[in-house]
Amino acid sequence: MTLHPRRRRTRGRLLLALAALVATLPLLTVPVGAAHADGYVPINGAGSSWSSNAIDQWRRNVEQYGMRINYASTGSSDGRNQFKAGTVDFASTEIPYGLKDGGVLDTLPTRSFAYMPIVAGGTAFMYNLQVGGHRVTNLRLSGEVLTKIFTGVITSWDDAAIKADNPGLALPPRKIVPVVRSDGSGSTAQFSTWMAARYPSLWNAYCAKAGRSTPCGVTSNFPTVAGKGFVSQPNSQGVAGYVAQTANQGTITYVEYSYALKTGYPVAKILNAAGYYVEPTASNVAVALLSARINDDKSSPAYLTQDLSRVYTSTDPRTYPLSSYSYVVVPTATQNGFTEAKGKTLGAFAYYFLCEGQQQAPVLGYSPLPVNLVKAGLAQVRRIPGVAAQSIDIKSCHNPTFSADGSNTLAKNAPQPSECDKLGTTQCSTGTGGAKGTTTPVTSGKTPPGKGTSTGSTSGGTGAGTGTGTGAGTGTGTGTSGTGATGKGTGTGTGTGTGGAAAGTDAGAAPGTDAAGAAGGTTSVVAADYGGGPVSCEADTGVCQAVAGLPVQTDKPSSAGAQQLAAVLAVLLVLGAILAPPLVARARRGASGGGRA
Amino acid sequence: MTDLDDLPRRTSTRRAPADRAFRGVLRTGGITVLAIMSFVGIFLLARAWQALRVAGPGFLTTQTWEPDSGNFGIAAVLVGTLLIATVAVSVALPLALGTSLYISEYAPTRLRRTLVSLVDLMAAVPSVVFGLWGFFWLQGNLTGIARWVSTVFAWFPPLSVEGADPDDPLSPVTLYTSSTFVAGLVVALMITPIMTSIMREVFMQAPVGEREGALALGSTRWGMIRSVVLPYGMGGIIGGTMLGLGRALGETIAVYMIISPVFAVQWHVLQNGANSVSSLIALRYGEASPFGMSALMAAGLALFLLTLAVNFGASSIVARSRSGASS
């Protein structure tokens with residue numbers, strides 16, 4: 001059989017392509033060669049996607065020393081199982097071995113191992129929500145509301161319970177779409193531990209609906225109930241990527257804070273036991289974890305693991321309640337393909353991230369380890385077989401938590417939450433997470449009958465106003481004014497109240513409109529009292545004014561009928577363009593044929 | 001004694017050593033492939049046995065997947081797999097048919113080569129890339145179409161979306177994401193190249209004599225295609241489609257990235273929530289307990305048998321057709 005000339009040419013081209021591929025191979029393998037030159041062999045790890053943003057940054061950083069660390073962020077459960085099976089050299093996880101999940105015990109691996117804390121962080125609640133075409137960036141949620149959202153009890157953003165947490169926001173009647181992890185994950189484990197500890201009845205009721213046995217307790221696989229409108233996605237990248245799609249409004253998910261920073265989306269401030277709504281910043285996480293109990297029994301296999309129950313109830317106003325540590329599981333014997341050469345690489349990598357690596361934690365969206373855990377971690381490194389032991393002076397690590405007297409500097413210097421973050425009628429307008437730069441205009445909340453306070457600012461006189469809101473509330477407002485005018489007004493109609501308003505000429509609001517107060521120049525007056533009505537702010541000037549109502553952004557085109565008609569017409573046109581020529585030709589042929597006959 | 005005369009003469013062939021060696025190599029290759037296939041089947045059956053014994057016949061009818069509590073079955077995932085494959089094939093078949101006909105019959109010779117390599121290039125795109133593209137780009141841009149279809153064809157149950165209210169401007173767009181439709185569309189783009197290649201290859205083999213005959217009898221090019229190329233290439237069309245279907249049934253990572261897994265039979269192809277056997281395995285194998293692993297193996301066995309049936313069906317159809325029999 002002879003080859004067809006074209007075939008032969010194809011084969012020739014294929015060979016060329018192969019040759020080109022072979023030629024590029026050495027280019028790809030250059031780093032491996034370099035790694036061998038420095039005496040480090042490549043090692044493999046797998047596990048948590050919660051901490052993967054930090055691990056990925058660190059392993060990129062140590063590549064310059066010739067260390068090649070492969071890491072697959074496939075979820076904590078997968079990491080633990082792969083370490084157990086001996087297919088990876090180290091695993092990263094938020095929860096230890098030996099926990100019961102859905103009635104099944106996660107048995108300890110037969111190879112000897114040790115836990116080593118790597119970084120701290122907060123499980124954040126990233127969301128995508130808009131009001132009037134502007135993204136909401138200052139959402140606040142109490143623990144109970146949060147649990148109810150993720151157990152399908154609260155299903156709409158305009159629920160009264162959410163309104164109570166957010167007195168300054170008028171949220172739309174949009175459906176809440178909780179986005180949960182579909183794979184076994186440490187984030188789910190952290191979140192479910194918290195729910196099981198704080199709101200066991202809600203959590204167990206939900207678990208029972210999903211067909212799990214109760215009490216549900218901690219689980220790595222979020223149970224889902226069909227028809228609840230929950231969305232499951234694999235991996236932290238999956239859930240964060242889903243929420244971060246602009247069109248997916250109304251979604252909320254639990255993910256490490258760093259993912260919100262990376263995608264530029266805000267996170268919800270969570271109410272802590274001291275009555276403040278707090279964001280999972282590095283310092284707030286550090287403060288919270290001062291209350292974590294660490295297993296300090298060196299002989300226990302669970303040495304250094306965490307018990308977070310006191311973190312949930314810590315009464316420091318700066319506490320972020322869903323803070324936790326993340327761990328790596330390292331082998332302590334040469335088994336399952338782990339060699340001393342690999343131990344050398346793993347040890348050097350561990351020394352790097354426990355010391356220098358911690359500096360980068362706050363920038364990445366994590367919180368650095370405190371000094372006692374770094375010390376304990378450094379001691380654990382020595383248990384890795386083949387490690388080139390170093391004695392590190394922890395002062396040279398520039399870890400933000402270190403201080404001469406041993407206290408946690410980061411926690412000590414953590415700023416107190418702003419007064420507008422306190423549980424009550426005020427709400428901060430500043431953005432959170434990856435959307436810090438975007439402020440969200442707020443209105444003051446329902447004025448409690450009798451008295452409402454609004455803080456104005458700076459110079460000028462003070463204006464005091466009395467107003468009647470719906471249900472006859474009286475608000476006393478202090479506003480800025482050059483003249484010290486006093487505003488008095490009565491509001492009628494739904495949702496309109498009156499505030500004591502004194503902003504230059506605005507004094508004395510007309511009945512039925514809201515008076516804008518405290519529009520004072522440059523000082524950021526966050527607790528401005530706009531009389532309980534909606535407020536519209538111009539993005540470029542920052543000038544706010546009270547309006548009768550905000551436009552609701554709609555997804556559905558208003559002229560749906562016309563558009564549908566246009567679509568149908570277009571389809572018909574295309575069909576006509578395809579079908580008409582042959583039909584016409586046939587008709588003409590038929591006619592001429594008939595003529596001939 | 002007369003019987004002996006009726007017996008055919010025994011013939012024997014003496015083959016040269018080179019010939020024998022060549023035959024031996026080929027035979028070994030063939031047997032090895034068969035052996036590997038059956039070992040895969042035996043391995044799956046052996047590993048799945050533990051789970052199958054616990055689940056019993058309920059394995060085929062149960063929708064939930066909680067192997068550790070003994071309550072698991074493949075009803076939901078198998079139906080989901082078939083639905084995704086159906087969507088994929090019904091999109092890919094017209095696309096591949098049109099592309100291959102254009103390349104083999106209409107395209108200018110110079111353009112033809114470029115097109116062929118473009119289609120082959122499409123086949124070389126890794127499925128994870130398709131998955132990323134589908135998740136981050138296609139999904140968001142597809143919701144409008146899904147919403148329109150589900151509104152207009154709401155009377156047809158598979159195309160309706162539960163909980164959607166077209167009159168509510170604030171209804172969540174997420175209802176139309178992570179669906180069988182989106183996953184099926186991405187899989188369709190992944191199976192189109194292989195379907196196109198097979199169909200084009202067969203169409204190009206349509207006998208020149210018959211083509212010229214049809215043209216000489218005064219038929220148009222489309223008439224020639226209809227009367228010669230398509231009947232001749234029917235085996236290729238079916239075979240290519242079946243191969244595409246086989247790949248669609250087994251597609252893992254792109255589906256895994258897009259769908260939001262539900263463990264209930266989800267007939268509404270446009271609605272959020274879908275499932276497939278291979279994505280279930282990809283999702284759960286990492287964290288499965290030994291028994292859960294056995295259950296996953298059982299699901300894998302079901303998929304293996306299904307794919308085997310599809311491919312055998314395809315090969316028997318192709319073998320009976322004209323183009324298939326000669327090739």
# chains A, B, ... in the order shown; residues from 1 in each chain; ligands from 1
>>> closest_atom_pairs(of="chain A", to="chain B", cutoff="7 Å", atoms="only C-alpha atoms", output="Markdown table")
| residue | atom | partner | partner_atom | distance |
| --- | --- | --- | --- | --- |
| A:Ser77 | CA | B:Glu287 | CA | 5.2 |
| A:Asp78 | CA | B:Gly286 | CA | 4.4 |
| A:Asn81 | CA | B:Glu287 | CA | 6.1 |
| A:Val104 | CA | B:Asp68 | CA | 6.9 |
| A:Arg174 | CA | B:Leu170 | CA | 5.3 |
| A:Lys175 | CA | B:Pro172 | CA | 6.2 |
| A:Asp183 | CA | B:Leu283 | CA | 5.9 |
| A:Gly184 | CA | B:Glu287 | CA | 6.5 |
| A:Ala226 | CA | B:Val262 | CA | 6.5 |
| A:Val231 | CA | B:Ser260 | CA | 5.6 |
| A:Ser232 | CA | B:Ser260 | CA | 4.7 |
| A:Gln233 | CA | B:Ser260 | CA | 5.7 |
| A:Pro234 | CA | B:Met257 | CA | 6.9 |
| A:Ala247 | CA | B:Gly140 | CA | 6.6 |
| A:Asn248 | CA | B:Thr174 | CA | 5.6 |
| A:Gln249 | CA | B:Pro172 | CA | 6.7 |
| A:Gly250 | CA | B:Pro172 | CA | 6.9 |
| A:Thr554 | CA | B:Pro169 | CA | 4.9 |
| A:Asp555 | CA | B:Pro169 | CA | 5.5 |
| A:Lys556 | CA | B:Pro169 | CA | 5.3 |
>>> write_last_selection(atoms="N, CA and C atoms", output="tab-separated table (two decimals), in the first residue's frame")
chain	number	residue	atom	x	y	z
A	77	SER	N	-9.78	17.45	53.00
A	77	SER	CA	-10.09	16.02	53.13
A	77	SER	C	-9.23	15.21	52.19
A	78	ASP	N	-9.10	15.69	50.97
A	78	ASP	CA	-8.28	14.99	49.99
A	78	ASP	C	-6.82	14.99	50.43
A	81	ASN	N	-6.35	12.41	53.17
A	81	ASN	CA	-6.41	11.05	52.64
A	81	ASN	C	-5.18	10.70	51.82
A	104	VAL	N	-18.69	8.60	60.41
A	104	VAL	CA	-17.52	7.83	60.01
A	104	VAL	C	-16.28	8.46	60.63
A	174	ARG	N	-34.40	40.35	47.01
A	174	ARG	CA	-33.73	39.42	46.12
A	174	ARG	C	-33.51	38.12	46.89
A	175	LYS	N	-33.53	37.02	46.16
A	175	LYS	CA	-33.33	35.73	46.82
A	175	LYS	C	-31.87	35.58	47.24
A	183	ASP	N	-16.88	19.76	47.54
A	183	ASP	CA	-15.89	18.76	47.91
A	183	ASP	C	-15.66	18.80	49.43
A	184	GLY	N	-14.94	17.84	49.93
A	184	GLY	CA	-14.65	17.80	51.35
A	184	GLY	C	-13.63	18.87	51.68
A	226	ALA	N	-32.03	19.33	48.10
A	226	ALA	CA	-32.44	19.67	46.74
A	226	ALA	C	-33.61	20.64	46.79
A	231	VAL	N	-26.09	26.53	45.80
A	231	VAL	CA	-25.21	26.17	44.69
A	231	VAL	C	-23.96	25.55	45.29
A	232	SER	N	-23.54	24.40	44.77
A	232	SER	CA	-22.31	23.78	45.26
A	232	SER	C	-21.23	23.89	44.20
A	233	GLN	N	-20.05	24.26	44.62
A	233	GLN	CA	-18.93	24.35	43.69
A	233	GLN	C	-17.71	23.73	44.36
A	234	PRO	N	-16.84	23.11	43.55
A	234	PRO	CA	-15.65	22.52	44.14
A	234	PRO	C	-14.59	23.59	44.42
A	247	ALA	N	-22.83	38.84	37.33
A	247	ALA	CA	-24.27	38.59	37.17
A	247	ALA	C	-24.85	37.81	38.34
A	248	ASN	N	-24.01	37.09	39.06
A	248	ASN	CA	-24.52	36.21	40.11
A	248	ASN	C	-24.85	36.99	41.38
A	249	GLN	N	-25.79	37.88	41.27
A	249	GLN	CA	-26.14	38.71	42.42
A	249	GLN	C	-26.96	37.94	43.44
A	250	GLY	N	-26.76	38.31	44.68
A	250	GLY	CA	-27.50	37.65	45.75
A	250	GLY	C	-26.77	36.45	46.31
A	554	THR	N	-32.89	46.27	37.57
A	554	THR	CA	-33.60	45.09	37.10
A	554	THR	C	-32.75	44.32	36.12
A	555	ASP	N	-32.93	43.01	36.14
A	555	ASP	CA	-32.23	42.16	35.19
A	555	ASP	C	-33.04	41.99	33.93
A	556	LYS	N	-34.33	42.09	34.09
A	556	LYS	CA	-35.21	41.76	32.99
A	556	LYS	C	-35.46	43.01	32.15
>>> select_by_dssp(residues="range 183-302 of chain A", states="helix (DSSP H, G or I)", output="PyMOL selection string")
chain A and resi 186-198+200-209+235-243+257-263+282-291
>>> closest_atom_pairs(of="range 6-105 of chain B", to="range 291-297 of chain B", cutoff="7 Å", atoms="only C-alpha atoms", output="JSON lines")
{"residue": "B:Leu44", "atom": "CA", "partner": "B:Met297", "partner_atom": "CA", "distance": 5.7}
{"residue": "B:Arg47", "atom": "CA", "partner": "B:Ser294", "partner_atom": "CA", "distance": 5.5}
{"residue": "B:Ala48", "atom": "CA", "partner": "B:Ser294", "partner_atom": "CA", "distance": 4.7}
{"residue": "B:Gln50", "atom": "CA", "partner": "B:Ser294", "partner_atom": "CA", "distance": 6.4}
{"residue": "B:Ala51", "atom": "CA", "partner": "B:Ala295", "partner_atom": "CA", "distance": 5.0}
{"residue": "B:Pro67", "atom": "CA", "partner": "B:Gly292", "partner_atom": "CA", "distance": 5.3}
{"residue": "B:Asp68", "atom": "CA", "partner": "B:Gly292", "partner_atom": "CA", "distance": 6.2}
>>> write_last_selection(atoms="N, CA and C atoms", output="short mmCIF file (atom, residue, chain, number, x, y, z; two decimals), in the first residue's frame")
data_model
loop_
_atom_site.label_atom_id
_atom_site.label_comp_id
_atom_site.auth_asym_id
_atom_site.auth_seq_id
_atom_site.Cartn_x
_atom_site.Cartn_y
_atom_site.Cartn_z
N LEU B 44 -12.83 -3.29 38.41
CA LEU B 44 -13.97 -2.48 38.88
C LEU B 44 -14.98 -3.36 39.60
N ARG B 47 -13.64 -4.43 43.05
CA ARG B 47 -13.65 -3.35 44.04
C ARG B 47 -15.07 -2.92 44.38
N ALA B 48 -15.98 -3.04 43.39
CA ALA B 48 -17.34 -2.56 43.61
C ALA B 48 -18.19 -3.58 44.36
N GLN B 50 -18.20 -5.11 47.21
CA GLN B 50 -18.57 -4.82 48.60
C GLN B 50 -19.77 -3.86 48.65
N ALA B 51 -19.71 -2.80 47.84
CA ALA B 51 -20.79 -1.81 47.84
C ALA B 51 -22.04 -2.37 47.19
N PRO B 67 -22.86 6.97 50.83
CA PRO B 67 -22.43 5.58 50.96
C PRO B 67 -22.14 5.18 52.41
N ASP B 68 -21.67 6.13 53.21
CA ASP B 68 -21.28 5.75 54.56
C ASP B 68 -22.48 5.43 55.44
#
>>> atom_distance(atom1="CA of Pro42 in chain A", atom2="CA of Ile55 in chain A")
15.3 Å
>>> residues_around(residues="Ser429 in chain A", least_positions_apart="5", cutoff="9 Å", atoms="only C-alpha atoms", output="PyMOL selection string")
chain A and resi 137-138+168+420+438-442+526-527
>>> write_last_selection(atoms="N, CA and C atoms", output="short mmCIF file (atom, residue, chain, number, x, y, z; two decimals), in the first residue's frame")
data_model
loop_
_atom_site.label_atom_id
_atom_site.label_comp_id
_atom_site.auth_asym_id
_atom_site.auth_seq_id
_atom_site.Cartn_x
_atom_site.Cartn_y
_atom_site.Cartn_z
N THR A 137 -21.11 47.12 50.09
CA THR A 137 -19.79 46.69 50.57
C THR A 137 -19.70 46.68 52.09
N ASN A 138 -20.79 46.99 52.77
CA ASN A 138 -20.70 47.12 54.23
C ASN A 138 -21.72 46.26 54.96
N GLY A 168 -28.74 50.67 58.22
CA GLY A 168 -28.48 51.72 57.24
C GLY A 168 -28.67 51.29 55.81
N CYS A 420 -19.37 53.02 64.81
CA CYS A 420 -20.49 52.72 63.92
C CYS A 420 -20.62 51.23 63.65
N THR A 438 -14.66 51.08 48.08
CA THR A 438 -16.03 51.44 47.71
C THR A 438 -16.86 51.66 48.96
N THR A 439 -17.35 52.84 49.14
CA THR A 439 -18.23 53.05 50.28
C THR A 439 -19.67 52.87 49.85
N THR A 440 -20.48 52.51 50.80
CA THR A 440 -21.89 52.33 50.51
C THR A 440 -22.67 53.34 51.34
N PRO A 441 -23.48 54.14 50.69
CA PRO A 441 -24.24 55.13 51.46
C PRO A 441 -25.18 54.44 52.44
N VAL A 442 -25.27 55.01 53.63
CA VAL A 442 -26.14 54.41 54.62
C VAL A 442 -27.16 55.44 55.09
N VAL A 526 -19.97 59.25 59.37
CA VAL A 526 -20.52 57.97 58.94
C VAL A 526 -21.91 57.73 59.50
N ALA A 527 -22.20 58.39 60.59
CA ALA A 527 -23.49 58.10 61.21
C ALA A 527 -24.48 59.19 60.89
#
>>> closest_residue(among="A:Pro301, A:Gly357, A:Pro215, A:Gly121", to="Tyr257 in chain A", atoms="only C-alpha atoms")
A:Gly121
>>> residues_around(residues="range 398-405 of chain A", least_positions_apart="5", cutoff="8 Å", atoms="only C-alpha atoms", output="NGL selection string")
:A and (355-356 or 358-359 or 368-371 or 410-411)
>>> write_last_selection(atoms="N, CA and C atoms", output="PDB file, in the first residue's frame")
ATOM      1  N   CYS A 355       9.298  31.360  59.544  1.00  0.00           N
ATOM      2  CA  CYS A 355      10.031  32.574  59.905  1.00  0.00           C
ATOM      3  C   CYS A 355       9.713  33.714  58.932  1.00  0.00           C
ATOM      4  N   GLU A 356      10.398  33.755  57.812  1.00  0.00           N
ATOM      5  CA  GLU A 356      10.223  34.870  56.880  1.00  0.00           C
ATOM      6  C   GLU A 356       8.823  34.941  56.284  1.00  0.00           C
ATOM      7  N   GLN A 358       5.971  34.475  57.364  1.00  0.00           N
ATOM      8  CA  GLN A 358       4.889  35.063  58.151  1.00  0.00           C
ATOM      9  C   GLN A 358       4.719  36.564  57.894  1.00  0.00           C
ATOM     10  N   GLN A 359       5.816  37.214  57.447  1.00  0.00           N
ATOM     11  CA  GLN A 359       5.705  38.650  57.168  1.00  0.00           C
ATOM     12  C   GLN A 359       4.649  38.951  56.123  1.00  0.00           C
ATOM     13  N   PRO A 368      -0.446  36.453  60.723  1.00  0.00           N
ATOM     14  CA  PRO A 368       0.758  35.704  61.078  1.00  0.00           C
ATOM     15  C   PRO A 368       0.589  34.899  62.370  1.00  0.00           C
ATOM     16  N   LEU A 369       1.385  33.849  62.496  1.00  0.00           N
ATOM     17  CA  LEU A 369       1.347  33.026  63.710  1.00  0.00           C
ATOM     18  C   LEU A 369       1.948  33.792  64.868  1.00  0.00           C
ATOM     19  N   PRO A 370       1.427  33.628  66.067  1.00  0.00           N
ATOM     20  CA  PRO A 370       2.056  34.250  67.226  1.00  0.00           C
ATOM     21  C   PRO A 370       3.354  33.531  67.598  1.00  0.00           C
ATOM     22  N   VAL A 371       4.117  34.182  68.439  1.00  0.00           N
ATOM     23  CA  VAL A 371       5.485  33.714  68.696  1.00  0.00           C
ATOM     24  C   VAL A 371       5.523  32.313  69.303  1.00  0.00           C
ATOM     25  N   LEU A 410       0.835  42.367  67.311  1.00  0.00           N
ATOM     26  CA  LEU A 410      -0.229  42.618  66.344  1.00  0.00           C
ATOM     27  C   LEU A 410      -1.577  42.740  67.056  1.00  0.00           C
ATOM     28  N   ALA A 411      -1.811  41.831  68.023  1.00  0.00           N
ATOM     29  CA  ALA A 411      -3.081  41.864  68.751  1.00  0.00           C
ATOM     30  C   ALA A 411      -3.144  43.075  69.673  1.00  0.00           C
TER      31      ALA A 411
END
>>> atom_distance(atom1="CA of Pro582 in chain A", atom2="CA of Gly98 in chain B")
17.8 Å
>>> closest_residue(among="B:Val208, B:Ala183, B:Leu189, B:Val116", to="Leu82 in chain B", atoms="only C-alpha atoms")
B:Ala183
>>> select_by_dssp(residues="range 59-271 of chain B", states="strand (DSSP E or B)", output="PyMOL selection string")
chain B and resi 65-66+71-72+179+261
>>> closest_residue(among="A:Ala348, A:Val41, A:Ala282, A:Ala208", to="Leu364 in chain A", atoms="only C-alpha atoms")
A:Ala282
>>> residues_around(residues="range 188-204 of chain A", least_positions_apart="4", cutoff="6 Å", atoms="only C-alpha atoms", output="list of chain:residue names")
A:Thr214, A:Pro215, A:Cys216, A:Gly217, A:Val218, A:Thr219, A:Ser220
>>> write_last_selection(atoms="C-alpha atoms", output="tab-separated table (two decimals), in the first residue's frame")
chain	number	residue	atom	x	y	z
A	214	THR	CA	-28.24	14.20	64.07
A	215	PRO	CA	-26.57	15.64	66.06
A	216	CYS	CA	-24.72	16.68	62.99
A	217	GLY	CA	-21.60	18.26	64.45
A	218	VAL	CA	-18.56	18.98	62.36
A	219	THR	CA	-18.58	17.88	58.74
A	220	SER	CA	-16.25	18.43	55.81
